[in-house]
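Step one of this worksheet: look at the structure below.
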Amino acid sequence: MRTGPLVKVTFFYGLVCFGVLMCCFLLIPLLLPQIFREATWTVWKEIVHTLFCVMAVCGGNILFTHFYFHEAFGSDLVLRFLWWTFIVSILPITLMVLLRQISLMKTFGRQAAELDRQLEEVRSGTQEGPSTPDSPKGSSTPHRSGEFLYAVSADNYVKVFYTGEQQLIRSTLKQLEESFQWNERIFRCHRTYLVNLDKVVHISGNAQGYKLHLEGVGQMIPVSRSLNGQIASLVTRPKSLPKRPGDL
């Protein structure tokens with residue numbers, strides 16, 4: 001091709017790519033807001049959406065080639081554009097992922113810093129008291145002399161961590177959560193973690209979301225993005241003894 005026609009065709013291919021990507025990133029999320037909610041967005045959704053965008057661009061370029069150059073549909077045309085689209089998309093996809101990670105890191109870092117400030121105000125203005133009193137009569141909650149810190153699921157077992165000791169029990173995290181239902185400060189913050197919110201001393205954030213730092217614990221407790229709002233309201237609430245059954 002001469003320079004003039006080459007620039008023209010290149011512009012058209014770029015226009016096709018731009019139009020398809022605008023539909024993928026703006027129109028489709030607008031039409032399907034529940035699927036694209038930030039709180040419920042997961043890694044596999046990101047992968048599927050990225051692959052869909054690449055395939056959509058490939059399809060748009062194939063259609064343009066067919067109608068503009070009158071090239072017949074066939075396996076040769078499809079495979080050729082699949083390969084070209086894959087090669088060309090590596091760099092922009094990498095940049096998009098990095099930019100998104102940086103954006104999420106800044107967002108969650110800023111929100112976590114504000115929560116941390118509120119938490120510090122609550123801690124400095126509230127007298128410390130026993131955060132997890134003895135479980136009510138008949139409760140199946142594991143009993144230890146130390147206060148409950150957090151629990152993490154481990155296959156068919158649950159590791160329960162107390163101040164100064166830990167216990168491995170044959171149970172599910174859901175069963176353990178139910179045994180603590182009388183204490184609203186024991187919160188299921190993640191699919192595999194149960195945490196004592198009264199022991200949270202610091203909140204940090206990265207691209208994956210909030211991280212809870214507990215008193216005397218090196219392990220950071222992750223928070224599911226869908227629970228960010230609940231954690232924000234609960235962890236900055238002044239501490240109080242939980243109500244037990246029969247207190248009303």
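Each chain in the structure tokens gets a letter, A, B and so on, in the order shown; residues start at 1 in every chain, and ligands are counted from 1 in the order they appear.
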
>> Would you pick out the contacts of Leu176 (chain A) at 12 Å or less, using only C-alpha atoms, so that residues sharing its chain but fewer than 2 positions from it are not included, and give the list as JSON, numbers by chain?
In response: {"A": [139, 140, 141, 142, 143, 148, 150, 151, 152, 153, 157, 158, 159, 160, 168, 169, 170, 171, 172, 173, 174, 178, 179, 180, 181, 182, 183, 186, 187, 188, 192, 193, 194, 195]}

>> For region 109-111 of chain A, find every residue with an atom within 10 Å (counting only C-alpha atoms), except residues of its own chain fewer than 2 positions away, and show them as a list in words.
In response: Ser103, Leu104, Met105, Lys106, Thr107, Ala113, Glu114, Leu115, Asp116, Arg117, Ile203, Ser204, Gly205, Asn206, Ala207, Gly209, Tyr210, Lys211, Asn228 and Ala232 of chain A

Go ahead and save the picked residues with N, CA and C atoms, as a tab-separated table (two decimals), in the first residue's frame.
```tsv
chain	number	residue	atom	x	y	z
A	103	SER	N	-4.58	2.31	40.68
A	103	SER	CA	-5.78	3.04	41.05
A	103	SER	C	-6.45	2.44	42.29
A	104	LEU	N	-6.58	1.09	42.31
A	104	LEU	CA	-7.18	0.42	43.46
A	104	LEU	C	-6.34	0.59	44.71
A	105	MET	N	-5.03	0.54	44.55
A	105	MET	CA	-4.13	0.70	45.68
A	105	MET	C	-4.29	2.09	46.30
A	106	LYS	N	-4.37	3.10	45.44
A	106	LYS	CA	-4.55	4.47	45.95
A	106	LYS	C	-5.91	4.63	46.61
A	107	THR	N	-6.95	4.07	46.00
A	107	THR	CA	-8.31	4.19	46.54
A	107	THR	C	-8.42	3.54	47.90
A	113	ALA	N	-6.69	4.76	55.32
A	113	ALA	CA	-6.07	5.79	56.16
A	113	ALA	C	-7.13	6.58	56.93
A	114	GLU	N	-8.24	6.85	56.27
A	114	GLU	CA	-9.33	7.57	56.94
A	114	GLU	C	-9.96	6.70	58.03
A	115	LEU	N	-10.18	5.42	57.73
A	115	LEU	CA	-10.71	4.50	58.74
A	115	LEU	C	-9.74	4.35	59.91
A	116	ASP	N	-8.46	4.31	59.60
A	116	ASP	CA	-7.45	4.18	60.64
A	116	ASP	C	-7.47	5.39	61.56
A	117	ARG	N	-7.68	6.57	60.97
A	117	ARG	CA	-7.78	7.79	61.78
A	117	ARG	C	-8.99	7.73	62.70
A	203	ILE	N	-5.58	-0.30	60.31
A	203	ILE	CA	-6.18	-0.72	59.05
A	203	ILE	C	-5.32	-0.20	57.92
A	204	SER	N	-4.95	-1.09	57.02
A	204	SER	CA	-4.20	-0.68	55.84
A	204	SER	C	-4.97	-1.12	54.60
A	205	GLY	N	-4.52	-0.66	53.45
A	205	GLY	CA	-5.21	-1.01	52.22
A	205	GLY	C	-4.24	-1.18	51.07
A	206	ASN	N	-4.56	-2.12	50.19
A	206	ASN	CA	-3.78	-2.27	48.95
A	206	ASN	C	-4.76	-2.54	47.81
A	207	ALA	N	-4.27	-3.02	46.69
A	207	ALA	CA	-5.12	-3.22	45.52
A	207	ALA	C	-6.18	-4.29	45.76
A	209	GLY	N	-7.81	-4.70	48.68
A	209	GLY	CA	-8.82	-4.22	49.62
A	209	GLY	C	-8.20	-3.87	50.96
A	210	TYR	N	-9.02	-3.91	52.02
A	210	TYR	CA	-8.56	-3.57	53.36
A	210	TYR	C	-7.83	-4.76	54.00
A	211	LYS	N	-6.89	-4.43	54.89
A	211	LYS	CA	-6.20	-5.41	55.71
A	211	LYS	C	-6.32	-4.97	57.17
A	228	ASN	N	-16.62	-4.12	52.72
A	228	ASN	CA	-15.91	-2.88	53.08
A	228	ASN	C	-16.79	-1.92	53.87
A	232	ALA	N	-16.25	-0.77	57.74
A	232	ALA	CA	-16.05	0.65	58.03
A	232	ALA	C	-16.93	1.12	59.17
```

> Could you name the residues that touch Val16 (chain A) at 9 Å or less, counting only C-alpha atoms, but leaving out those on the same chain fewer than 6 positions away, as a ChimeraX atom specification?
Replying inline: /A:57,60-61,64

Okay, now the selection with C-alpha atoms, as a compact mmCIF listing (two decimals), in the first residue's frame?
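Final output, out.txt:
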```
# COMPACT_ATOMS: atom_id res chain seq x y z
CA VAL A 57 -11.81 -6.38 18.95
CA GLY A 60 -14.69 -6.20 14.79
CA ASN A 61 -11.49 -6.25 12.76
CA PHE A 64 -14.16 -4.66 8.82
```

> Of the candidates A:Val201, A:Phe36, A:His70, A:Gln166, which one gets nearest to Ser124 (chain A) if we count only C-alpha atoms?
Replying inline: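 Nearest to Ser124 (chain A): A:Val201.
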
>> Give me, as a count of residues only, the residues of region 33-243 of chain A that a backbone DSSP run labels strand (DSSP E or B).
In response: 44

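Compared by their closest atoms to Arg225 (chain A), and using only C-alpha atoms, the residues A:His66, A:His190, A:Arg100, A:Arg80 rank with A:His190 nearest.
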